[in-house]
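Okay, run-v5.pdb now, which holds PDB, C-alpha atoms and all ligand atoms:
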```pdb
ATOM      1  CA  MET A  10      56.398  25.309 -33.806  1.00  0.00           C
ATOM      2  CA  LEU A  11      53.300  27.119 -34.948  1.00  0.00           C
ATOM      3  CA  GLU A  12      50.343  24.983 -35.874  1.00  0.00           C
ATOM      4  CA  GLN A  13      47.881  26.374 -38.360  1.00  0.00           C
ATOM      5  CA  VAL A  14      44.618  25.057 -39.707  1.00  0.00           C
ATOM      6  CA  ILE A  15      43.145  27.169 -42.499  1.00  0.00           C
ATOM      7  CA  ILE A  16      39.794  26.489 -44.125  1.00  0.00           C
ATOM      8  CA  ASN A  17      37.695  28.268 -46.702  1.00  0.00           C
ATOM      9  CA  SER A  18      34.784  28.846 -44.358  1.00  0.00           C
ATOM     10  CA  ILE A  19      32.383  29.654 -47.218  1.00  0.00           C
ATOM     11  CA  GLU A  20      33.025  26.413 -49.116  1.00  0.00           C
ATOM     12  CA  PHE A  21      33.163  24.537 -45.835  1.00  0.00           C
ATOM     13  CA  ALA A  22      29.616  25.615 -44.948  1.00  0.00           C
ATOM     14  CA  ARG A  23      28.252  25.229 -48.505  1.00  0.00           C
ATOM     15  CA  ASN A  24      29.550  21.677 -48.699  1.00  0.00           C
ATOM     16  CA  SER A  25      28.514  20.776 -45.133  1.00  0.00           C
ATOM     17  CA  GLU A  26      32.058  19.761 -44.351  1.00  0.00           C
ATOM     18  CA  SER A  27      33.338  18.932 -40.919  1.00  0.00           C
ATOM     19  CA  LEU A  28      36.670  18.681 -39.232  1.00  0.00           C
ATOM     20  CA  HIS A  29      37.960  17.995 -35.760  1.00  0.00           C
ATOM     21  CA  GLY A  30      41.248  18.002 -33.973  1.00  0.00           C
ATOM     22  CA  ASP A  31      42.967  19.209 -30.883  1.00  0.00           C
ATOM     23  CA  VAL A  32      45.259  22.053 -30.071  1.00  0.00           C
ATOM     24  CA  GLN A  33      47.826  22.410 -27.315  1.00  0.00           C
ATOM     25  CA  VAL A  34      46.871  25.202 -24.939  1.00  0.00           C
ATOM     26  CA  LYS A  35      50.490  26.422 -24.936  1.00  0.00           C
ATOM     27  CA  SER A  36      50.211  27.241 -28.656  1.00  0.00           C
ATOM     28  CA  LEU A  37      47.340  29.693 -28.033  1.00  0.00           C
ATOM     29  CA  ASP A  38      49.274  32.821 -27.100  1.00  0.00           C
ATOM     30  CA  ARG A  39      46.405  35.147 -26.195  1.00  0.00           C
ATOM     31  CA  LEU A  40      44.776  32.525 -24.017  1.00  0.00           C
ATOM     32  CA  ARG A  41      47.879  31.255 -22.221  1.00  0.00           C
ATOM     33  CA  ASP A  42      48.575  34.748 -20.854  1.00  0.00           C
ATOM     34  CA  LEU A  43      45.403  34.429 -18.767  1.00  0.00           C
ATOM     35  CA  LEU A  44      46.133  31.000 -17.347  1.00  0.00           C
ATOM     36  CA  PHE A  45      47.757  29.626 -14.230  1.00  0.00           C
ATOM     37  CA  SER A  46      49.302  26.912 -16.362  1.00  0.00           C
ATOM     38  CA  ASP A  47      49.197  26.225 -20.101  1.00  0.00           C
ATOM     39  CA  ASP A  48      49.229  22.449 -19.697  1.00  0.00           C
ATOM     40  CA  GLY A  49      46.706  20.416 -21.602  1.00  0.00           C
ATOM     41  CA  ALA A  50      44.857  20.572 -24.873  1.00  0.00           C
ATOM     42  CA  LEU A  51      41.489  21.607 -26.206  1.00  0.00           C
ATOM     43  CA  GLU A  52      39.464  19.385 -28.486  1.00  0.00           C
ATOM     44  CA  TYR A  53      37.452  21.065 -31.203  1.00  0.00           C
ATOM     45  CA  ALA A  54      34.963  20.082 -33.885  1.00  0.00           C
ATOM     46  CA  LEU A  55      33.664  22.315 -36.659  1.00  0.00           C
ATOM     47  CA  THR A  56      30.697  21.509 -38.853  1.00  0.00           C
ATOM     48  CA  GLY A  57      29.530  23.587 -41.796  1.00  0.00           C
ATOM     49  CA  ARG A  58      25.861  24.073 -42.588  1.00  0.00           C
ATOM     50  CA  HIS A  59      23.681  26.176 -44.884  1.00  0.00           C
ATOM     51  CA  ASN A  60      19.949  26.824 -44.866  1.00  0.00           C
ATOM     52  CA  GLU A  61      17.378  27.361 -47.646  1.00  0.00           C
ATOM     53  CA  ASP A  62      17.980  31.114 -47.612  1.00  0.00           C
ATOM     54  CA  GLY A  63      21.601  30.501 -48.480  1.00  0.00           C
ATOM     55  CA  LYS A  64      22.809  31.544 -45.058  1.00  0.00           C
ATOM     56  CA  LEU A  65      26.011  29.859 -44.006  1.00  0.00           C
ATOM     57  CA  PHE A  66      26.821  28.613 -40.525  1.00  0.00           C
ATOM     58  CA  LEU A  67      29.650  27.004 -38.634  1.00  0.00           C
ATOM     59  CA  ALA A  68      28.835  24.893 -35.605  1.00  0.00           C
ATOM     60  CA  CYS A  69      31.745  24.936 -33.220  1.00  0.00           C
ATOM     61  CA  ILE A  70      32.214  22.536 -30.324  1.00  0.00           C
ATOM     62  CA  ILE A  71      35.163  22.939 -27.958  1.00  0.00           C
ATOM     63  CA  LYS A  72      35.992  20.781 -24.965  1.00  0.00           C
ATOM     64  CA  GLY A  73      38.810  20.619 -22.486  1.00  0.00           C
ATOM     65  CA  VAL A  74      39.990  21.845 -19.127  1.00  0.00           C
ATOM     66  CA  LEU A  75      41.891  25.084 -18.577  1.00  0.00           C
ATOM     67  CA  GLN A  76      43.915  25.979 -15.499  1.00  0.00           C
ATOM     68  CA  LEU A  77      42.714  29.478 -14.654  1.00  0.00           C
ATOM     69  CA  ARG A  78      44.083  31.629 -11.837  1.00  0.00           C
ATOM     70  CA  CYS A  79      41.744  32.201  -8.926  1.00  0.00           C
ATOM     71  CA  GLN A  80      41.411  35.965  -8.464  1.00  0.00           C
ATOM     72  CA  ARG A  81      41.110  35.574  -4.705  1.00  0.00           C
ATOM     73  CA  CYS A  82      43.984  33.240  -3.777  1.00  0.00           C
ATOM     74  CA  LEU A  83      45.901  33.290  -7.113  1.00  0.00           C
ATOM     75  CA  GLY A  84      45.960  29.491  -7.050  1.00  0.00           C
ATOM     76  CA  ALA A  85      45.120  27.117  -9.875  1.00  0.00           C
ATOM     77  CA  LEU A  86      41.470  26.727 -10.701  1.00  0.00           C
ATOM     78  CA  ALA A  87      40.429  23.928 -13.058  1.00  0.00           C
ATOM     79  CA  TYR A  88      37.858  25.331 -15.451  1.00  0.00           C
ATOM     80  CA  PRO A  89      36.010  22.880 -17.692  1.00  0.00           C
ATOM     81  CA  VAL A  90      35.390  24.221 -21.189  1.00  0.00           C
ATOM     82  CA  ARG A  91      32.230  22.890 -22.848  1.00  0.00           C
ATOM     83  CA  LEU A  92      31.336  25.164 -25.717  1.00  0.00           C
ATOM     84  CA  ASP A  93      28.740  24.506 -28.333  1.00  0.00           C
ATOM     85  CA  SER A  94      28.044  27.527 -30.511  1.00  0.00           C
ATOM     86  CA  GLU A  95      26.715  28.203 -33.956  1.00  0.00           C
ATOM     87  CA  LEU A  96      28.242  31.079 -35.847  1.00  0.00           C
ATOM     88  CA  GLU A  97      26.677  32.691 -38.881  1.00  0.00           C
ATOM     89  CA  LEU A  98      29.063  33.631 -41.644  1.00  0.00           C
ATOM     90  CA  VAL A  99      28.417  37.208 -42.743  1.00  0.00           C
ATOM     91  CA  GLU A 100      29.758  39.202 -45.698  1.00  0.00           C
ATOM     92  CA  ASN A 101      31.341  42.012 -43.758  1.00  0.00           C
ATOM     93  CA  ASP A 102      32.892  42.266 -40.355  1.00  0.00           C
ATOM     94  CA  PRO A 103      30.086  41.934 -37.838  1.00  0.00           C
ATOM     95  CA  ASP A 104      28.833  45.419 -37.045  1.00  0.00           C
ATOM     96  CA  LEU A 105      29.656  46.267 -33.458  1.00  0.00           C
ATOM     97  CA  SER A 106      26.669  48.627 -33.186  1.00  0.00           C
ATOM     98  CA  ALA A 107      24.401  45.633 -33.847  1.00  0.00           C
ATOM     99  CA  GLU A 108      26.358  43.500 -31.433  1.00  0.00           C
ATOM    100  CA  ASN A 109      23.329  41.830 -29.919  1.00  0.00           C
ATOM    101  CA  ASP A 110      21.855  40.729 -33.226  1.00  0.00           C
ATOM    102  CA  LEU A 111      25.125  39.451 -34.559  1.00  0.00           C
ATOM    103  CA  ALA A 112      26.700  38.235 -31.371  1.00  0.00           C
ATOM    104  CA  ASP A 113      27.229  34.868 -32.996  1.00  0.00           C
ATOM    105  CA  ALA A 114      28.431  36.047 -36.371  1.00  0.00           C
ATOM    106  CA  ILE A 115      31.874  35.987 -37.920  1.00  0.00           C
ATOM    107  CA  LYS A 116      33.164  37.254 -41.215  1.00  0.00           C
ATOM    108  CA  ALA A 117      32.854  34.761 -44.077  1.00  0.00           C
ATOM    109  CA  ASP A 118      36.534  34.197 -44.636  1.00  0.00           C
ATOM    110  CA  PRO A 119      38.054  32.125 -47.454  1.00  0.00           C
ATOM    111  CA  ASN A 120      41.134  31.774 -45.241  1.00  0.00           C
ATOM    112  CA  LEU A 121      39.681  31.155 -41.829  1.00  0.00           C
ATOM    113  CA  ASP A 122      42.264  30.419 -39.164  1.00  0.00           C
ATOM    114  CA  VAL A 123      40.497  27.641 -37.259  1.00  0.00           C
ATOM    115  CA  LEU A 124      42.737  27.700 -34.196  1.00  0.00           C
ATOM    116  CA  ALA A 125      42.352  31.477 -33.873  1.00  0.00           C
ATOM    117  CA  LEU A 126      38.584  30.971 -34.021  1.00  0.00           C
ATOM    118  CA  VAL A 127      38.770  28.302 -31.323  1.00  0.00           C
ATOM    119  CA  GLU A 128      40.855  30.660 -29.195  1.00  0.00           C
ATOM    120  CA  ASP A 129      38.402  33.542 -29.765  1.00  0.00           C
ATOM    121  CA  GLU A 130      35.467  31.406 -28.712  1.00  0.00           C
ATOM    122  CA  VAL A 131      37.220  30.212 -25.552  1.00  0.00           C
ATOM    123  CA  LEU A 132      38.304  33.768 -24.661  1.00  0.00           C
ATOM    124  CA  LEU A 133      34.708  34.973 -24.993  1.00  0.00           C
ATOM    125  CA  ASP A 134      33.562  32.230 -22.661  1.00  0.00           C
ATOM    126  CA  LEU A 135      36.084  32.793 -19.866  1.00  0.00           C
ATOM    127  CA  PRO A 136      34.743  34.291 -16.634  1.00  0.00           C
ATOM    128  CA  MET A 137      35.961  37.848 -15.976  1.00  0.00           C
ATOM    129  CA  ALA A 138      37.118  37.050 -12.446  1.00  0.00           C
ATOM    130  CA  PRO A 139      37.387  33.301 -11.921  1.00  0.00           C
ATOM    131  CA  MET A 140      37.315  32.264  -8.268  1.00  0.00           C
ATOM    132  CA  HIS A 141      37.149  29.080  -6.254  1.00  0.00           C
ATOM    133  CA  ALA A 142      33.998  28.439  -4.295  1.00  0.00           C
ATOM    134  CA  PRO A 143      34.515  30.044  -0.846  1.00  0.00           C
ATOM    135  CA  ASP A 144      34.937  26.694   0.910  1.00  0.00           C
ATOM    136  CA  ALA A 145      37.569  25.577  -1.632  1.00  0.00           C
ATOM    137  CA  CYS A 146      39.630  28.762  -1.720  1.00  0.00           C
ATOM    138  CA  GLN A 147      42.932  29.154   0.132  1.00  0.00           C
ATOM    139  CA  ALA A 148      42.413  32.886   0.596  1.00  0.00           C
ATOM    140  CA  CYS A 149      39.078  32.348   2.294  1.00  0.00           C
ATOM    141  CA  GLU A 150      40.515  29.807   4.684  1.00  0.00           C
ATOM    142  CA  ASN A 151      43.211  32.282   5.651  1.00  0.00           C
ATOM    143  CA  PHE A 152      40.647  34.972   6.292  1.00  0.00           C
ATOM    144  CA  GLY A 153      38.608  32.536   8.298  1.00  0.00           C
ATOM    145  CA  GLN A 154      35.378  33.015   6.370  1.00  0.00           C
ATOM    146  CA  PRO A 155      34.495  29.347   5.979  1.00  0.00           C
ATOM    147  CA  LYS A 156      35.392  28.796   9.644  1.00  0.00           C
ATOM    148  CA  THR A 157      32.706  31.243  10.630  1.00  0.00           C
ATOM    149  CA  VAL A 158      30.256  29.406   8.429  1.00  0.00           C
ATOM    150  CA  LYS A 159      31.320  26.066   9.885  1.00  0.00           C
ATOM    151  CA  GLN A 160      31.074  27.385  13.434  1.00  0.00           C
ATOM    152  CA  ASN A 161      27.588  28.621  12.706  1.00  0.00           C
ATOM    153  CA  ALA A 162      26.661  25.261  11.283  1.00  0.00           C
ATOM    154  CA  PHE A 163      28.067  23.496  14.340  1.00  0.00           C
ATOM    155  CA  SER A 164      26.373  25.785  16.786  1.00  0.00           C
ATOM    156  CA  ALA A 165      23.108  25.282  14.902  1.00  0.00           C
ATOM    157  CA  LEU A 166      23.672  21.544  15.182  1.00  0.00           C
ATOM    158  CA  ALA A 167      24.507  21.846  18.855  1.00  0.00           C
ATOM    159  CA  ALA A 168      21.310  23.832  19.384  1.00  0.00           C
ATOM    160  CA  LEU A 169      19.348  21.086  17.653  1.00  0.00           C
ATOM    161  CA  LYS A 170      20.957  18.452  19.840  1.00  0.00           C
ATOM    162  CA  THR A 171      20.157  20.436  22.938  1.00  0.00           C
ATOM    163  CA  GLN A 172      16.544  20.656  21.809  1.00  0.00           C
ATOM    164  CA  ASP A 173      16.476  16.928  21.137  1.00  0.00           C
ATOM    165  CA  SER A 174      17.914  16.075  24.529  1.00  0.00           C
ATOM    166  CA  LYS A 175      15.345  18.348  26.145  1.00  0.00           C
ATOM    167  CA  LYS A 176      12.553  16.499  24.353  1.00  0.00           C
ATOM    168  CA  ILE A 177      13.907  13.191  25.618  1.00  0.00           C
TER     169      ILE A 177
HETATM  170 ZN    ZN A 201      40.998  30.583  -4.646  1.00  0.00          ZN
END
```
Structure translated into structure tokens:
Amino acid sequence: MLEQVIINSIEFARNSESLHGDVQVKSLDRLRDLLFSDDGALEYALTGRHNEDGKLFLACIIKGVLQLRCQRCLGALAYPVRLDSELELVENDPDLSAENDLADAIKADPNLDVLALVEDEVLLDLPMAPMHAPDACQACENFGQPKTVKQNAFSALAALKTQDSKKI
């Protein structure tokens, strides 16, 4: 069952409208391909705004937790999504050559697919190579890296104790 939420983004911003909802992660096809598991949902809120110059904006807030795949151990990695972005609506497709200036611009679309926008924003935010912290990663434990660190910490502690006992 395909959910769709379509808004006229131009009217939405002109009238300072807002909307919120949530979307099942499993219904976001491009995103789910990158995940360890497509369980869960993302919450989103869109608010339209316009300034004195007639520029139109969409504020976009997205929250949730995604199960990414750790690139080191291939295990599940809970990744909290907390996005708060403001997108300017522009007449034409944002010019890629001016990417930096218009990084936060989208085409002013009378038929904006809200869930596709939410998915785009989340995809842009995902880390290229998500990984557990070394001390929380299965792969690292197998390779013994944290052990080395722990041993060092213990030997440093032992050295301290030795010093202390010498003082006494
Ligand atoms: Zn890992």
Check which residues fall inside 6 Å of ligand ZN 201 (chain A) when counting only C-alpha atoms and all ligand atoms, and print them as a VMD selection string. chain A and resid 79 81 to 82 84 140 to 141 146 to 148
Polymer residues at most 10 Å from segment 57-61 of chain A, only C-alpha atoms, same-chain spacing of 3 or more positions, as a PyMOL selection string: chain A and resi 18-28+64-69+95-98
Selection result of the PyMOL selection byres (((chain A and resi 128) around 10) and not hetatm) on this file, as JSON, numbers by chain: {"A": [32, 34, 36, 37, 38, 39, 40, 41, 51, 71, 123, 124, 125, 126, 127, 129, 130, 131, 132, 133, 134]}
Nearest to Tyr88 of chain A: which of A:Ser46, A:Thr56, A:Asn120, A:Asn101 is it, counting all atoms listed in the file?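 With all atoms listed in the file as the atom set, the closest residue is A:Ser46.
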Smallest atom-to-atom distance to Pro139 of chain A: which of A:Leu86, A:Leu75, A:Ile70, A:Ile15, using only C-alpha atoms?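 That would be A:Leu86, the residue with the smallest distance to Pro139 of chain A.
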